[in-house]
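The next block is start_37.txt, given as compact mmCIF, C-alpha atoms.
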```txt
# COMPACT_ATOMS: atom_id res chain seq x y z
CA MET Y 1 -23.52 -128.77 253.30
CA SER Y 2 -24.92 -132.30 253.41
CA ASN Y 3 -28.61 -133.02 253.85
CA GLN Y 4 -28.95 -136.34 255.68
CA GLN Y 5 -32.71 -136.79 255.10
CA HIS Y 6 -33.54 -139.05 252.17
CA VAL Y 7 -34.93 -137.25 249.15
CA THR Y 8 -36.94 -138.12 246.09
CA LEU Y 9 -36.57 -136.72 242.61
CA VAL Y 10 -40.07 -136.60 241.08
CA ILE Y 11 -39.88 -136.48 237.28
CA THR Y 12 -42.92 -136.00 235.07
CA HIS Y 13 -42.70 -136.73 231.36
CA HIS Y 14 -45.55 -136.11 228.93
CA LEU Y 15 -44.95 -138.35 225.92
CA ALA Y 16 -45.71 -137.55 222.32
CA SER Y 17 -48.24 -139.95 220.83
CA GLY Y 18 -46.77 -143.27 219.68
CA GLN Y 19 -43.55 -142.94 221.69
CA GLU Y 20 -44.40 -145.40 224.49
CA HIS Y 21 -42.15 -148.24 223.26
CA ALA Y 22 -39.16 -145.96 222.68
CA TYR Y 23 -39.71 -144.37 226.10
CA GLU Y 24 -39.91 -147.75 227.86
CA ALA Y 25 -36.63 -148.74 226.16
CA TRP Y 26 -35.09 -145.47 227.37
CA LEU Y 27 -36.25 -146.23 230.94
CA LYS Y 28 -34.62 -149.67 230.76
CA ARG Y 29 -31.29 -148.00 229.91
CA ILE Y 30 -31.34 -145.12 232.41
CA MET Y 31 -32.59 -146.95 235.52
CA PRO Y 32 -29.63 -149.34 235.91
CA ASP Y 33 -27.18 -146.44 235.43
CA ALA Y 34 -28.91 -144.38 238.14
CA ALA Y 35 -28.72 -147.39 240.47
CA THR Y 36 -24.90 -147.38 240.28
CA PHE Y 37 -24.69 -143.94 241.91
CA THR Y 38 -23.79 -143.68 245.59
CA GLY Y 39 -26.85 -143.32 247.80
CA HIS Y 40 -29.39 -144.56 245.24
CA LEU Y 41 -32.29 -146.12 247.16
CA GLY Y 42 -34.59 -147.18 244.35
CA VAL Y 43 -36.90 -146.05 241.61
CA ASN Y 44 -40.61 -146.37 240.95
CA VAL Y 45 -42.30 -145.68 237.64
CA ILE Y 46 -45.95 -144.68 237.64
CA ARG Y 47 -47.15 -145.40 234.14
CA PRO Y 48 -49.99 -143.53 232.44
CA SER Y 49 -53.56 -144.34 233.32
CA GLY Y 50 -56.19 -143.14 230.94
CA SER Y 51 -55.63 -141.19 227.76
CA GLU Y 52 -52.89 -138.80 228.95
CA LEU Y 53 -49.41 -140.16 228.27
CA ALA Y 54 -47.80 -138.87 231.48
CA TYR Y 55 -45.13 -140.91 233.24
CA THR Y 56 -44.07 -140.07 236.78
CA ILE Y 57 -40.69 -141.43 237.88
CA LEU Y 58 -39.69 -141.39 241.55
CA VAL Y 59 -35.94 -141.70 242.10
CA ARG Y 60 -34.91 -141.92 245.75
CA PHE Y 61 -31.49 -141.07 247.20
CA ASP Y 62 -30.17 -141.18 250.75
CA ASN Y 63 -29.35 -137.47 250.78
CA LEU Y 64 -29.45 -134.31 248.71
CA ASP Y 65 -25.72 -134.34 247.88
CA ASN Y 66 -25.93 -137.78 246.27
CA LEU Y 67 -29.09 -136.83 244.39
CA TYR Y 68 -27.35 -133.74 242.99
CA ARG Y 69 -24.41 -135.88 241.85
CA TRP Y 70 -26.86 -137.96 239.80
CA ILE Y 71 -28.83 -134.95 238.50
CA HIS Y 72 -25.68 -133.18 237.26
CA SER Y 73 -23.83 -136.27 236.06
CA PRO Y 74 -22.75 -136.47 232.41
CA GLN Y 75 -24.63 -139.80 232.11
CA ARG Y 76 -27.98 -138.30 233.15
CA LEU Y 77 -27.48 -135.23 230.96
CA GLN Y 78 -26.90 -137.53 227.95
CA TYR Y 79 -30.06 -139.48 228.76
CA ILE Y 80 -32.07 -136.25 228.98
CA GLU Y 81 -30.86 -135.27 225.51
CA GLN Y 82 -31.87 -138.71 224.19
CA VAL Y 83 -35.40 -138.53 225.62
CA LYS Y 84 -36.25 -134.99 224.46
CA PRO Y 85 -37.56 -136.07 221.01
CA LEU Y 86 -40.01 -138.45 222.72
CA LEU Y 87 -41.60 -135.76 224.90
CA LEU Y 88 -44.23 -133.09 224.25
CA GLY Y 89 -42.26 -130.61 226.36
CA SER Y 90 -39.30 -130.59 228.68
CA ASP Y 91 -39.18 -132.84 231.69
CA HIS Y 92 -40.65 -131.44 234.90
CA ILE Y 93 -38.66 -132.23 238.05
CA GLU Y 94 -39.25 -131.62 241.74
CA ILE Y 95 -37.20 -132.61 244.74
CA ARG Y 96 -39.25 -133.88 247.69
CA PRO Y 97 -37.87 -134.63 251.16
CA GLY Y 98 -38.81 -137.77 253.08
CA ALA Y 99 -41.87 -139.82 252.10
CA GLU Y 100 -43.96 -136.97 250.61
CA PHE Y 101 -43.42 -138.40 247.13
CA TRP Y 102 -46.20 -140.97 247.53
CA PHE Y 103 -48.72 -138.15 247.59
CA THR Y 104 -47.29 -135.94 244.86
CA PRO Y 105 -49.97 -135.14 242.26
CA ASN Y 106 -49.27 -135.96 238.61
CA SER Y 107 -49.71 -132.34 237.55
CA ALA Y 108 -48.95 -128.97 239.09
CA ASN Y 109 -52.58 -127.81 238.94
CA VAL Y 110 -53.75 -130.62 241.25
CA ARG Y 111 -53.45 -130.11 245.00
CA PRO Y 112 -51.84 -132.84 247.09
CA PRO Y 113 -54.21 -134.81 249.33
CA ALA Y 114 -55.10 -133.46 252.75
CA LYS Y 115 -52.60 -134.42 255.47
CA TRP Y 116 -55.25 -136.48 257.31
CA LYS Y 117 -55.77 -138.59 254.16
CA GLN Y 118 -52.01 -139.08 253.86
CA PHE Y 119 -51.95 -140.14 257.51
CA LEU Y 120 -54.75 -142.69 257.04
CA ILE Y 121 -53.21 -144.23 253.91
CA THR Y 122 -49.79 -144.46 255.56
CA LEU Y 123 -51.32 -146.02 258.68
CA LEU Y 124 -53.26 -148.46 256.49
CA VAL Y 125 -49.94 -149.66 255.07
CA ILE Y 126 -47.66 -149.43 258.10
CA PHE Y 127 -49.87 -150.98 260.80
CA PRO Y 128 -50.41 -154.40 259.18
CA SER Y 129 -46.83 -154.51 257.88
CA THR Y 130 -45.27 -153.85 261.29
CA ASN Y 131 -47.45 -156.54 262.84
CA LEU Y 132 -47.37 -159.26 260.19
CA VAL Y 133 -43.69 -159.08 259.20
CA PRO Y 134 -42.29 -159.81 262.70
CA TRP Y 135 -44.79 -162.65 263.09
CA PHE Y 136 -43.74 -164.09 259.70
CA TRP Y 137 -40.00 -163.95 260.47
CA HIS Y 138 -40.57 -165.41 263.95
CA GLN Y 139 -42.30 -168.40 262.34
CA LEU Y 140 -39.47 -168.86 259.86
CA LEU Y 141 -36.44 -167.92 262.01
CA PRO Y 142 -37.48 -168.04 265.69
CA GLY Y 143 -33.87 -167.79 266.88
CA LEU Y 144 -33.59 -164.22 265.54
CA SER Y 145 -36.59 -162.87 267.50
CA GLY Y 146 -35.59 -159.94 269.70
CA SER Y 147 -32.02 -159.83 268.36
CA LEU Y 148 -30.42 -156.97 266.46
CA ALA Y 149 -30.34 -159.13 263.33
CA GLY Y 150 -34.02 -159.93 263.80
CA HIS Y 151 -34.90 -156.23 264.11
CA LEU Y 152 -32.84 -155.42 261.01
CA LEU Y 153 -34.60 -158.20 259.06
CA ASN Y 154 -38.03 -156.97 260.22
CA ASP Y 155 -37.28 -153.32 259.43
CA ALA Y 156 -35.76 -154.07 256.04
CA SER Y 157 -38.74 -156.26 255.14
CA VAL Y 158 -41.29 -153.64 256.21
CA VAL Y 159 -39.51 -150.87 254.30
CA ALA Y 160 -39.20 -153.01 251.17
CA LEU Y 161 -42.88 -154.00 251.31
CA VAL Y 162 -44.01 -150.43 251.88
CA VAL Y 163 -41.80 -148.85 249.20
CA PHE Y 164 -42.02 -151.47 246.46
CA LEU Y 165 -45.42 -153.06 246.98
CA TRP Y 166 -47.94 -151.50 249.35
CA MET Y 167 -47.64 -147.74 248.80
CA PRO Y 168 -47.68 -147.92 244.97
CA LEU Y 169 -50.65 -150.32 245.13
CA VAL Y 170 -52.63 -148.49 247.83
CA THR Y 171 -52.09 -145.00 246.40
CA ARG Y 172 -53.35 -146.26 243.01
CA MET Y 173 -56.34 -147.99 244.62
CA PHE Y 174 -57.33 -144.89 246.61
CA HIS Y 175 -56.35 -142.34 243.95
CA GLN Y 176 -59.91 -141.00 243.48
CA TRP Y 177 -60.44 -140.60 247.23
CA LEU Y 178 -57.02 -139.02 247.78
CA THR Y 179 -57.53 -136.41 245.06
CA ARG Y 180 -61.12 -135.51 245.99
CA HIS Y 181 -61.32 -132.31 248.07
```

Just dump the structure as structure tokens.
Amino acid sequence: MSNQQHVTLVITHHLASGQEHAYEAWLKRIMPDAATFTGHLGVNVIRPSGSELAYTILVRFDNLDNLYRWIHSPQRLQYIEQVKPLLLGSDHIEIRPGAEFWFTPNSANVRPPAKWKQFLITLLVIFPSTNLVPWFWHQLLPGLSGSLAGHLLNDASVVALVVFLWMPLVTRMFHQWLTRH
């Protein structure tokens, strides 16, 4: 049975001391391979902040079937074997539907932010993006305004800004507030 909602694989790795360079090299090898799989929508790496060497990797796929193909692929299984010596324990993975991944805590003993905080952060990112992007493209390509191509360009730009720029930046900036209960 196919799940048509996009999904995110949330991977947490706790590195052994002194393994950062080897781990970064491993990331540079695995990420392009994951990107070749059908349905791959992108990856974000949240690097450690502070003294704990915990990396969180967010790998997005268009549906659960395509994510499972990557998870169970021989390529990924080889990469997992290669990374094991760099880690303090095994890798911790979770599968999250939709956009929940932006608010996934770094460890299991931390509660996710309240839904109203998630709402406010998402609104903080979406509202200006959905207003400024159409204005920008209208200035640059006025002939596309109101057309299907114009809407596609606006939507693709908003999604790219939100996924690759604004949400990683804003969730880091508001981390303390989001995690305070």

Have a look at Y:Lys117, Y:Ala22, Y:Ile46, Y:Ser157 and name the one nearest to Phe136 in chain Y; count all atoms listed in the file.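 Going through Y:Lys117, Y:Ala22, Y:Ile46, Y:Ser157 one by one, the smallest distance to Phe136 in chain Y is for Y:Ser157.
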
Between CA of Leu53 in chain Y and CA of His14 in chain Y, what distance in Å does the model show, to one decimal?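 CA of Leu53 in chain Y sits 5.6 Å away from CA of His14 in chain Y.
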
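Each of Y:Ala25, Y:Leu41, Y:Leu120, Y:Ile57 was compared to Asp91 in chain Y using only C-alpha atoms, and Y:Ile57 turns out to be the nearest.
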
Would you mind telling me which residue in Y:Leu153, Y:Val45, Y:Ala160, Y:Leu86 lies nearest to Pro134 in chain Y when using all atoms listed in the file? Y:Leu153

What is the distance between CA of His13 in chain Y and CA of Ala54 in chain Y, in Å to one decimal? 5.5 Å

What is the distance between CA of Leu58 in chain Y and CA of Pro97 in chain Y, in Å to one decimal?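 So the two atoms, CA of Leu58 in chain Y and CA of Pro97 in chain Y, lie 11.9 Å apart.
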
Nearby residues (only C-alpha atoms) at most 10 Å from Trp166 in chain Y, same-chain spacing under 5 positions excluded, as a list in words: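 After dropping sequence-adjacent residues, the list is Thr122, Leu124, Val125, Ile126, Ser129, Val158, Val159, Ala160, Leu161, Thr171 and Arg172 of chain Y.
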
Could you check which of Y:Ala114, Y:Leu67, Y:Leu9, Y:Ile121 is closest to Phe174 in chain Y, using only C-alpha atoms? Y:Ile121

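Restricting the calculation to all atoms listed in the file, the smallest distance between Ser17 in chain Y and any of Y:Pro168, Y:Glu52, Y:Lys115, Y:Phe127 is found for Y:Glu52.
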
Extract, using only C-alpha atoms, all DNA, RNA and protein residues at most 9 Å from Gly42 in chain Y, discarding same-chain residues fewer than 4 positions from it, and format them as a PDB file with C-alpha atoms, keeping the file's coordinate frame.
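The resulting file, selection-v6.pdb, is reproduced below:
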```
ATOM      1  CA  ALA Y  34     -28.910-144.380 238.140  1.00  0.00           C
ATOM      2  CA  ALA Y  35     -28.720-147.390 240.470  1.00  0.00           C
ATOM      3  CA  LEU Y  58     -39.690-141.390 241.550  1.00  0.00           C
ATOM      4  CA  VAL Y  59     -35.940-141.700 242.100  1.00  0.00           C
ATOM      5  CA  ARG Y  60     -34.910-141.920 245.750  1.00  0.00           C
ATOM      6  CA  PHE Y  61     -31.490-141.070 247.200  1.00  0.00           C
ATOM      7  CA  VAL Y 163     -41.800-148.850 249.200  1.00  0.00           C
ATOM      8  CA  PHE Y 164     -42.020-151.470 246.460  1.00  0.00           C
TER       9      PHE Y 164
END
```

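You can rank Y:Tyr23, Y:Trp137, Y:Phe37, Y:Phe119 by their closest distance to His72 in chain Y using all atoms listed in the file, and at the top of that list sits Y:Phe37.
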